[in-house]
Every structure is written in C-alpha cells, then in structure tokens.
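This report concerns only the one structure given below.
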Amino acid sequence: MMNLPAWLRGASRRRACAPRLVHRPSWAALAVALSLSGCASWSERGVTEPLHAQLSPHLADAATTLTLQRDEDAVRTATAQADALLQAPLDAEGAVRVALLLHRGLQVRLHALGVSEAERVQAVGWPNPRLSVSRLARGSERETEWSLGLELGHWLLRPWISDLEDRRLAAERQQVALAVLEHLTQVRQSYYQAVAAEHTLRTLTRWHDAADTGATLARRLEQAGNFSPVQRAREQVLAAEGQRQRIRARLAAQASRERLARDLGLGDRPEALRLPEQLPELPKQLPERPELERQALAERLDVAAARQQLERRARELGAGRLRGFVNGLELSAIRSTSNEAPTQTGWEVSFELPLFDWGGARAARAEVLYGQNMHLAAQIAQEARSQVREAEATWRGAWQIARQYQDELLPLAREVSRQNLLRYNGMLIGPLDLLADARNQMTTVTESIQAQRDFWLAQTVLDQALRGPVSPMSLNAANTSRSADAGANH
Amino acid sequence: MVSRRQLFHGAAVGAAVAATSVSRVALAALPEPVLQTKPDTLPPLYPSTGRPYQPVVTLNGWTLPWRMNQGVKEFHLVAEPVKRELAPGMVANLWGYNGQSPGPTFEVVEGDRVRIFVTNRLPEPHAVHWHGQRLPNGMDGVAGLTQPAIPVGKTYVYEFTARRPGTFMYHPHADEMVQMAMGLYGLWITHPKQPHPLISEVQRDFCFLLNAFDIEPGSATPKVMTMLDFNLWGWNSRVFPGIDSLNVRLGDRVRIRVGNLTMTNHPIHLHGHEFTVTGTDGGPVPMGARWPEVTTDVGVGQMRQIEFIADEPGDWAFHCHKSHHTMNAMGHNVPTLLGAQQEDVARRIQQHIPGYMLMGDKGMHDMTEMEMPLPDNTLPMMTGEGPFGGVGMGGMFSVLKVRKNQPHGDYRDPGWYEAPAGTRAYEWTGTAPATPRAATAPASATLQVRKPAGHSGH
Ligand SMILES: [Cu+2]
C-alpha cells in the first residue's frame, strides 16, 4: 500500500455472509477456496442484517425497524406497528420509526439491495458447466461431438470474485444506508418544520385576532363619535395585515405537514398524523464536543466508502497480474463420436496467451485508478471535516439565539406586557396600546419559535454531518413583520 | 464671637477642604445647616431672636432657622439631591435645599440684614436668585451675569438687607431649566417692621409654591426636558392626597400666599368664600385696586397673596381650576371610550391580556372606586378618600377646614366636617317630579320634518 493517512487505513468492514477470504491468495489457498462452497444462498437476513449493522451506530435500536417487507402481510404488520406509534402525538424519534416502517421509498431501496445480494450470491456460486453438442458431416461421415465445459477461469478466480462482489455489495449497502439516513434526517427536519409551523400558525392566528379586536374596537369608537375615520382605518389595516400573515402561516403549516406526511409514508392518510403543540425544549447547556471531526472521519459513510474503494483499488493492483494470465482459462472435457471412427474422448484446456497484452496497460490503469481514489478519499475527508465544523458552529449559534429568546427576549416581552397592563390600569395607555403590545409579544413568540426550530434543524444537520455529506444551513434573520406595529403606538 | 472677616476665611477653608462634598466638620465655621427629613407641615416658627413677627405656615414645608451674628441673620442653604415623597406611595428623586424640595421658607422682617451661605452639593454649578427682592446687583444671583456660578462643593455668601415687605421666592439662576425642573426653589417672606396700612394682621398665614413634574410612571426622576406636558401638578412638591389641609378657626382672617414656578398659569379657586388679592410679589395691592374673587389666576413667575375671613364652617375644596391639574399621572393620548359599546370587545381583549378590565366606557368615576395594581412608584390618576367615598382627585387639590372649635394657633387636622342635620345634599326618594323635558318635543318635530317616513326612538 502507498503511504496512506491514518484515517484511511482502517480495517475493512466485516462481510456478514462470506467465507473468510485470504487477501493474498496463493495457489494453495486457491485450492482450499475451491473446496469451500461459500455462502451461496440468498436470505432476507443476508440483506437486512448487514444493513442494520451499518445503520445501528447512527440509529441505535431503531435500525432494526427497517425490514424487507416482501408481501402484504409484512406491510400490514409494519402498518400496525406504525399505527401504535401514531396513537400519541409524535416525537422526532417516533417520526423516524414511523418512516422506517411506512416509507415506500425506503422499501424500494431495500429491495434494490436485495436484488444486489441475489446477484452476489449468483456471482460467487459455482458456475454451471457448459454442455455443447456438435454434429459434423463430412461426406457420409457423421461426427457428433459432446463436450462438457466448466469455466475454469471463474473457478480459479472465485476467491477474488467473491471478494470483489462482497466489496461491491458493501459499497452499495453503504449507499443505501446513506440514503436511509439522509431520508431520516429529512424526516426529522420535516418534523421540526411542521411542529414549528403549526405553533406559528396558532400564534399568528392570535395575532390576527388581537388586531381584529383592535379594529372592532376602533369601529365602535367611530360609531360612538370618538374616533375619526383615519384612526379607525389604521386599526383596520393592522387587522388586514394580520389576516394576510395568518393565511401565509396556514399555507406554510399545511405545506410542511404534507411534506412530513410524505416523508413518513403517510401520504395516503395525513390525518393519522398527530403532532405535539410545541417543539422539544432547548437543552440547558450544549456539551463540548472536541471529538466531532475525528468522529466524522471514523463514522461517516462517504468517508468509509471512499476508504473501502481505495482498499479495493489496492487489491486490484495486486490481482491484476495474475488475472492477466488466468483470465479466460477454460477446461473442457471432450467426447467426440463418429459413425466411422471410434469415439474420441479427451480434454481440452484453452487459455489466452499473454503474448501481446501482458496486463501492463491494465496494471497502469489500476495504478492511476488507485491514485484517483486516493485523491477522492482525501477530498471527501476534507469536506467532511469542514462540514462538521460548520455544522457545529451553526448548531451552537442557533442554540445561543434560541436561548436568548427564551432567557431574555420572551421574559422581557412578558415584563413589558405586565408593565403595560399596570399602565393601562392607571389610564396611562389605552386598550389599543395594550393590544399593540400583545401583538408585539406574539411577534416575539413567533420569532422565538423560529429560533427554536432553527436549533433543532441545526441539530439534524450536525447529526447528518457525522453520517454523510450535508449542505450547509444558514440561519436566516427573523422575517416576521414588526413594521406593522411600529407606528401603532399612538 | 466670630468676626465677619474670620467667618469668610472659615468658609473659604471649608470649601477648599471638601471640594466635592462639604462635610459637617468642614462647615463648622458656618451656621450648622438644618435639614428636614419629612414632608410634613411643620408648626410655625416663632422668632426667638431678632424683631418679632407673626410667622407663616408653609404647606408641607418649614421655615429655616437662623442664627443672629452681630445683628445679622445668618442662614445656611445647602443645595443637594433629595428624595421627596410626593404623596404616600410615590417618592421622587429631586434636587432641593436642606433635605427637601422645595427648600425651606425664609422668614425675615423688613429692614433685617441677612447673610445667606449657599453650599452647592449638586453635581453641577449653582446660583440662587432672590426673586422680587430689592438688593445690590451683585447679590441678584444670576450666574455669569452678576457673579460666577457657585462651583460644585463650594459655598458662596449672599448678603443684603430685606428692604421691602412682601412675599418672594428664591430659585436657581444657573442651568435653571434643569434645576427648577428638578425641584429647586423656595419661599421668602419679609414681614412688615410695623403695622402697614395695606398689610392686614391675620390669624392664619399659609404659603406654598406651585410646581410641576413630568415623571414617567414607574420611574422617580422628573424628565427635565418636558416643556408643557407634565403629569404631576404639585403644591410645594406634594400632590393630592399628599397635600395637607389648611386648618383654620371660624372667623379667622386667613392669608394664603401662592407663587407659581411652573410653566403655565394656574387659576386657584376657593370654595365657600370670596377672597381679595391683597398683594403680589410686587408688593401690597392698593385698596382701590382690590376686588372680590373666588378664583385668581397665578401667572408664571408670579406671586398672589389672597385674604378672606373664614366665616363659613366646613370642609371647603381649594384647588387649581384647570381640571387636568387636579389629576395625577394619566395618558394624554388615551382614546375616549365613552359611549362605545364594547363589553364583547373587552372579553376578546381579555383572551389576549388576562387581567384586562374594561374602564372608561361609562366615564371614569369608577376609577375612583377601583383598586387596581399600578406601576411602581406612581399615583392613581384619580384618588383620595373622603367621608362619603372616593374624591377622585389628584394634583393641585386640598381642603380648607373651617372649624368653630379649632384652637387659636393650632394647625392640626380636625378631621372631617360633620354638617348639621338638614344641611347636606340628600337623595330624593319620592316620586319623580313631572317636569317636561325641554329639548324633546322640538327635536323630534325637526326629525319628522326631515324624515317624513318617521323614525321613532331617536
Ligand atoms: Cu393648574
């Protein structure tokens, strides 16, 4: 092996259902391998167990919730399990389990993996012998030739083929695992978005009602002759703005709920979805996590895949020379019968003569490929480290902002409201000022919900950054409108 | 005896020793400054030295004691930040003299030689102007114009002869906008040396200054930049129900001296009696220029001295006639809710603001009955309890209590007046008199002309 960085030299992943293969096969080892039959039959466990092993560091015991649902019974069982989870308002981990049980897209992925496993089983099994019959006529002579051929090359190369198949499947399994984890990250994000959107909708509904109450009061005051049309109209504009905000919030809540339903596999019955009223509470403190970069290099599936690909290339580099020689080796038993001659029997070995292609170009290709993969692996590792750093910074920043809302801004808004009620009691301000203040407080609540949601989204991005590639998350400035009330403090 | 020369020397040393805060020890050579810690009306200070006179009573205030020094009355005035209770439940951060705002009243006699030591414990320069007095120009107390401002921590001496009998004021003339907004001022009474044809002898002599503060409810310090929109209107830095009553004996000749250091005029009104304006800060009013009044307007920077015989027993309201000035802090932009149907709206507001109560839709009298939590350190807009319920007042409001059995020279509060039987308004319990209402018939007739279709019930 070339001088690889330490993180790339990790042990290759275990292969769950293959004989222990000798990495540098000798002829003796080949002979042993030939006599072994290997794991040559397909099973559901053969598909799911290695996948669960891959997922469990990231999902813990939820990983086994993902099963290959091969018939309607399996689907029904999974649906019943999901329905049990859907009895109570869903939390984020419940959402993950429901998605693992119900999401058809995940089943499509899993079935594709099943197909690949079947192909692997076929590839490493004993190849069928080839029986060929030929009949030749020369004048009156008829010659019938039976030959039973066994592809010797495959036979001899079986250890390598098995090894390479295992690796190919492992790579595909990694792809599937990554896709599953990415989907579950999406599920969590949709979940937080949906809970936040519904909470925001409730808050903005109250905002609208507060504005509408103000407009109603203004109309009554106008009717009593105490308010001018312009004073009344100002309050009405606020009510209209409240209504617009409310409609937008409703659309956002509906859209995020649909999105969550789709991501859970509830696209056919979103009404089964029950969400809690509020996002989970923010942690009081965030732990120090100095190990994050190391953890990303050790656990990220794209990093692992790159590392294994590199190992595979290294192996190919070694196998190339032998393969150049034995590829196409064929052993045939020949039986030739003729009506004019005694039956001929014999055998035939044919192989390609490495006269012109001694595998030199192939070896060069393997070396360049190896080099390419080395750079690719290094690139992926760099990306991983940077992504995890950025994700951690975003996560901490989002936490600080959300905590500021909870620890400082919301208590301040409540204090202002409390004081304003006292001021109202003293006839220092009027009811419309009180309503304007209540709306300001609700606006702060809305911003706080967004900040809290952003923290949980940032958490999912950070978690995912420890599993595979992520795109960065930006913390948008709160875009709720305070402008509406800016001039309302008559 | 300390010679005048030595005394000046001592004063200079004292000021030099404590540049920022003048300690008592350092001031030993000066007259001991007398401080007042309570906002109560102190009994009149009968003079034990100097020429005799009939002392005044400063409403929620006091007269500054002096010491005689070789025939000169020496006073020590200390300007400093103070805490002043405006009424029970509200304390303001003010600037004052000798522990209170306003400062103590000076009482001297016409012809007295007066020496006043003014120590500046304010955070900025100071100067005292003796409003209305005849005095040498260099004693007029206008910083920069007639003297250097008194630096922080220093003591200056003013000395002049009280030439003219009458009612005067004193107030800063250095950064006077801020210093007066903060409550620095006081009264000055010069009693006549001998009986004066235009100055009656009276049995009760009260005095107070009108002042105004703008203090944000929940805070304690006046907003010094406010020009007109004040929210607390006071007499001697007190507001109703914190202003003491004026307690007199039936038949007393009563004099009340009112000076205005606010930025607007105040029509001061007395119930139950007619009075005469007998003097201003310009001096006694000639007899031919006097006429009876029940209200006199006290302009900005003016002094009015009113007199009457308290010959009607009872508890007589005495107040500024600007009704906003007999209210405490309120919002001047609160919309009028009167007459707007809003019970349902109130229920909706309560859903957003628990604790909200509908007020003002039928008027504000219920404010006087309701006990609602308010911001800290403020006073209800309408408050005060009388013998028959809420008085619903604030600001520049007090009561003249005329009692037959109030002892001579006793200024204590005699309690509520008990009206003799049959002399108090009472509820009519018989059948309502069948008096036609004047406006009803013509109004409906007009409506019928305009709207022949006829809308009854208007
Ligand atoms: Cu007034």
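Residues in the structure tokens are named by chain (A, B, ... in the order shown) and by number from 1 within that chain; ligands are numbered from 1 in the order shown.
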Check: which chain A residues lie within 6 Å of chain B using only C-alpha atoms, as a PyMOL selection string: chain A and resi 220-221+224+422+426-430
Within 7 Å of ligand 1 (only C-alpha atoms and all ligand atoms), residues as a PyMOL selection string: chain B and resi 265-267+320-322+325+396
Shell around A:Thr67 at 12 Å using only C-alpha atoms, local window under 6 positions removed, as a PyMOL selection string: chain A and resi 44-52+74-75+77-78+97+99-104+106-111+113-114
Keeping only N, CA and C atoms, write those residues as a PDB file, in the first residue's frame.
ATOM      1  N   GLU A  44     -33.275 -13.234   3.505  1.00  0.00           N
ATOM      2  CA  GLU A  44     -33.687 -11.880   3.888  1.00  0.00           C
ATOM      3  C   GLU A  44     -32.710 -11.306   4.916  1.00  0.00           C
ATOM      4  N   ARG A  45     -32.287 -12.193   5.822  1.00  0.00           N
ATOM      5  CA  ARG A  45     -31.341 -11.726   6.842  1.00  0.00           C
ATOM      6  C   ARG A  45     -30.036 -11.299   6.208  1.00  0.00           C
ATOM      7  N   GLY A  46     -29.687 -12.031   5.144  1.00  0.00           N
ATOM      8  CA  GLY A  46     -28.462 -11.667   4.440  1.00  0.00           C
ATOM      9  C   GLY A  46     -28.534 -10.265   3.870  1.00  0.00           C
ATOM     10  N   VAL A  47     -29.748  -9.800   3.602  1.00  0.00           N
ATOM     11  CA  VAL A  47     -29.914  -8.451   3.069  1.00  0.00           C
ATOM     12  C   VAL A  47     -29.938  -7.442   4.210  1.00  0.00           C
ATOM     13  N   THR A  48     -30.762  -7.731   5.236  1.00  0.00           N
ATOM     14  CA  THR A  48     -31.049  -6.682   6.229  1.00  0.00           C
ATOM     15  C   THR A  48     -30.007  -6.608   7.341  1.00  0.00           C
ATOM     16  N   GLU A  49     -29.479  -7.756   7.752  1.00  0.00           N
ATOM     17  CA  GLU A  49     -28.596  -7.693   8.918  1.00  0.00           C
ATOM     18  C   GLU A  49     -27.353  -6.844   8.701  1.00  0.00           C
ATOM     19  N   PRO A  50     -26.678  -7.037   7.559  1.00  0.00           N
ATOM     20  CA  PRO A  50     -25.515  -6.152   7.355  1.00  0.00           C
ATOM     21  C   PRO A  50     -25.934  -4.685   7.288  1.00  0.00           C
ATOM     22  N   LEU A  51     -27.117  -4.418   6.756  1.00  0.00           N
ATOM     23  CA  LEU A  51     -27.585  -3.027   6.675  1.00  0.00           C
ATOM     24  C   LEU A  51     -27.858  -2.481   8.080  1.00  0.00           C
ATOM     25  N   HIS A  52     -28.507  -3.312   8.896  1.00  0.00           N
ATOM     26  CA  HIS A  52     -28.762  -2.882  10.269  1.00  0.00           C
ATOM     27  C   HIS A  52     -27.452  -2.586  10.979  1.00  0.00           C
ATOM     28  N   ALA A  74     -46.380  -8.473   5.515  1.00  0.00           N
ATOM     29  CA  ALA A  74     -45.294  -7.695   6.126  1.00  0.00           C
ATOM     30  C   ALA A  74     -45.677  -6.219   6.188  1.00  0.00           C
ATOM     31  N   VAL A  75     -46.306  -5.741   5.105  1.00  0.00           N
ATOM     32  CA  VAL A  75     -46.721  -4.338   5.069  1.00  0.00           C
ATOM     33  C   VAL A  75     -47.753  -4.087   6.170  1.00  0.00           C
ATOM     34  N   THR A  77     -48.183  -5.741   8.957  1.00  0.00           N
ATOM     35  CA  THR A  77     -47.542  -5.774  10.278  1.00  0.00           C
ATOM     36  C   THR A  77     -46.875  -4.430  10.574  1.00  0.00           C
ATOM     37  N   ALA A  78     -46.138  -3.949   9.584  1.00  0.00           N
ATOM     38  CA  ALA A  78     -45.436  -2.680   9.779  1.00  0.00           C
ATOM     39  C   ALA A  78     -46.430  -1.543  10.012  1.00  0.00           C
ATOM     40  N   ARG A  97     -39.143   6.264  13.421  1.00  0.00           N
ATOM     41  CA  ARG A  97     -39.610   4.882  13.399  1.00  0.00           C
ATOM     42  C   ARG A  97     -40.775   4.695  12.431  1.00  0.00           C
ATOM     43  N   ALA A  99     -41.339   6.407   9.798  1.00  0.00           N
ATOM     44  CA  ALA A  99     -40.810   6.438   8.434  1.00  0.00           C
ATOM     45  C   ALA A  99     -40.144   5.112   8.082  1.00  0.00           C
ATOM     46  N   LEU A 100     -39.413   4.536   9.033  1.00  0.00           N
ATOM     47  CA  LEU A 100     -38.756   3.253   8.774  1.00  0.00           C
ATOM     48  C   LEU A 100     -39.784   2.155   8.522  1.00  0.00           C
ATOM     49  N   LEU A 101     -40.935   2.311   9.165  1.00  0.00           N
ATOM     50  CA  LEU A 101     -41.976   1.290   8.994  1.00  0.00           C
ATOM     51  C   LEU A 101     -42.788   1.504   7.719  1.00  0.00           C
ATOM     52  N   LEU A 102     -43.054   2.754   7.402  1.00  0.00           N
ATOM     53  CA  LEU A 102     -44.064   3.020   6.382  1.00  0.00           C
ATOM     54  C   LEU A 102     -43.532   3.506   5.039  1.00  0.00           C
ATOM     55  N   HIS A 103     -42.355   4.072   5.037  1.00  0.00           N
ATOM     56  CA  HIS A 103     -41.985   4.790   3.820  1.00  0.00           C
ATOM     57  C   HIS A 103     -41.654   3.829   2.684  1.00  0.00           C
ATOM     58  N   ARG A 104     -42.388   3.941   1.605  1.00  0.00           N
ATOM     59  CA  ARG A 104     -42.227   3.001   0.487  1.00  0.00           C
ATOM     60  C   ARG A 104     -40.921   3.218  -0.249  1.00  0.00           C
ATOM     61  N   LEU A 106     -38.107   3.860   1.030  1.00  0.00           N
ATOM     62  CA  LEU A 106     -37.070   3.093   1.713  1.00  0.00           C
ATOM     63  C   LEU A 106     -37.150   1.621   1.311  1.00  0.00           C
ATOM     64  N   GLN A 107     -38.389   1.110   1.161  1.00  0.00           N
ATOM     65  CA  GLN A 107     -38.563  -0.280   0.718  1.00  0.00           C
ATOM     66  C   GLN A 107     -38.003  -0.475  -0.683  1.00  0.00           C
ATOM     67  N   VAL A 108     -38.185   0.526  -1.538  1.00  0.00           N
ATOM     68  CA  VAL A 108     -37.633   0.427  -2.891  1.00  0.00           C
ATOM     69  C   VAL A 108     -36.124   0.264  -2.819  1.00  0.00           C
ATOM     70  N   ARG A 109     -35.498   1.071  -1.962  1.00  0.00           N
ATOM     71  CA  ARG A 109     -34.050   0.987  -1.773  1.00  0.00           C
ATOM     72  C   ARG A 109     -33.641  -0.376  -1.241  1.00  0.00           C
ATOM     73  N   LEU A 110     -34.395  -0.824  -0.262  1.00  0.00           N
ATOM     74  CA  LEU A 110     -34.065  -2.084   0.399  1.00  0.00           C
ATOM     75  C   LEU A 110     -34.211  -3.250  -0.581  1.00  0.00           C
ATOM     76  N   HIS A 111     -35.256  -3.191  -1.392  1.00  0.00           N
ATOM     77  CA  HIS A 111     -35.444  -4.242  -2.374  1.00  0.00           C
ATOM     78  C   HIS A 111     -34.329  -4.232  -3.408  1.00  0.00           C
ATOM     79  N   LEU A 113     -31.376  -3.467  -2.818  1.00  0.00           N
ATOM     80  CA  LEU A 113     -30.255  -4.107  -2.145  1.00  0.00           C
ATOM     81  C   LEU A 113     -30.440  -5.625  -2.157  1.00  0.00           C
ATOM     82  N   GLY A 114     -31.688  -6.047  -2.005  1.00  0.00           N
ATOM     83  CA  GLY A 114     -31.991  -7.485  -2.086  1.00  0.00           C
ATOM     84  C   GLY A 114     -31.619  -8.038  -3.446  1.00  0.00           C
TER      85      GLY A 114
END
Shell of 6 Å around B:Val56, only C-alpha atoms, local chain residues under 2 positions omitted, as number ranges by chain: B: 44, 205-206
For those residues, write C-alpha atoms to a file as a PDB file, in the first residue's frame.
ATOM      1  CA  PRO B  44     -44.946  77.933  62.640  1.00  0.00           C
ATOM      2  CA  ASP B 205     -50.904  82.804  57.200  1.00  0.00           C
ATOM      3  CA  PHE B 206     -50.224  79.976  54.724  1.00  0.00           C
TER       4      PHE B 206
END
DSSP helix (DSSP H, G or I) selection over stretch 139-211 of chain B, as JSON, numbers by chain: {"B": [139, 176, 177, 178, 179, 180, 181]}
Selection near B:Val294, 10 Å with only C-alpha atoms, sequence-local residues under 3 positions removed, as a VMD selection string: chain B and resid 267 to 276 306
Neighbour list for B:Asp311 as a list of chain:residue names, cut-off 7 Å, only C-alpha atoms, skip fewer than 2 positions in-chain: B:Leu250, B:Gly251, B:Ile309, B:Pro313
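Across the structure, atom CA of B:Thr41 and atom CA of B:Thr262 are spaced 21.5 Å apart.
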Residue neighbourhood A:Leu292, 10 Å, only C-alpha atoms, exclusion window fewer than 5 positions, as a list in words: Leu297, Ala298, Arg385, Val388, Arg389, Glu392, Leu462, Ala465 and Leu466 of chain A
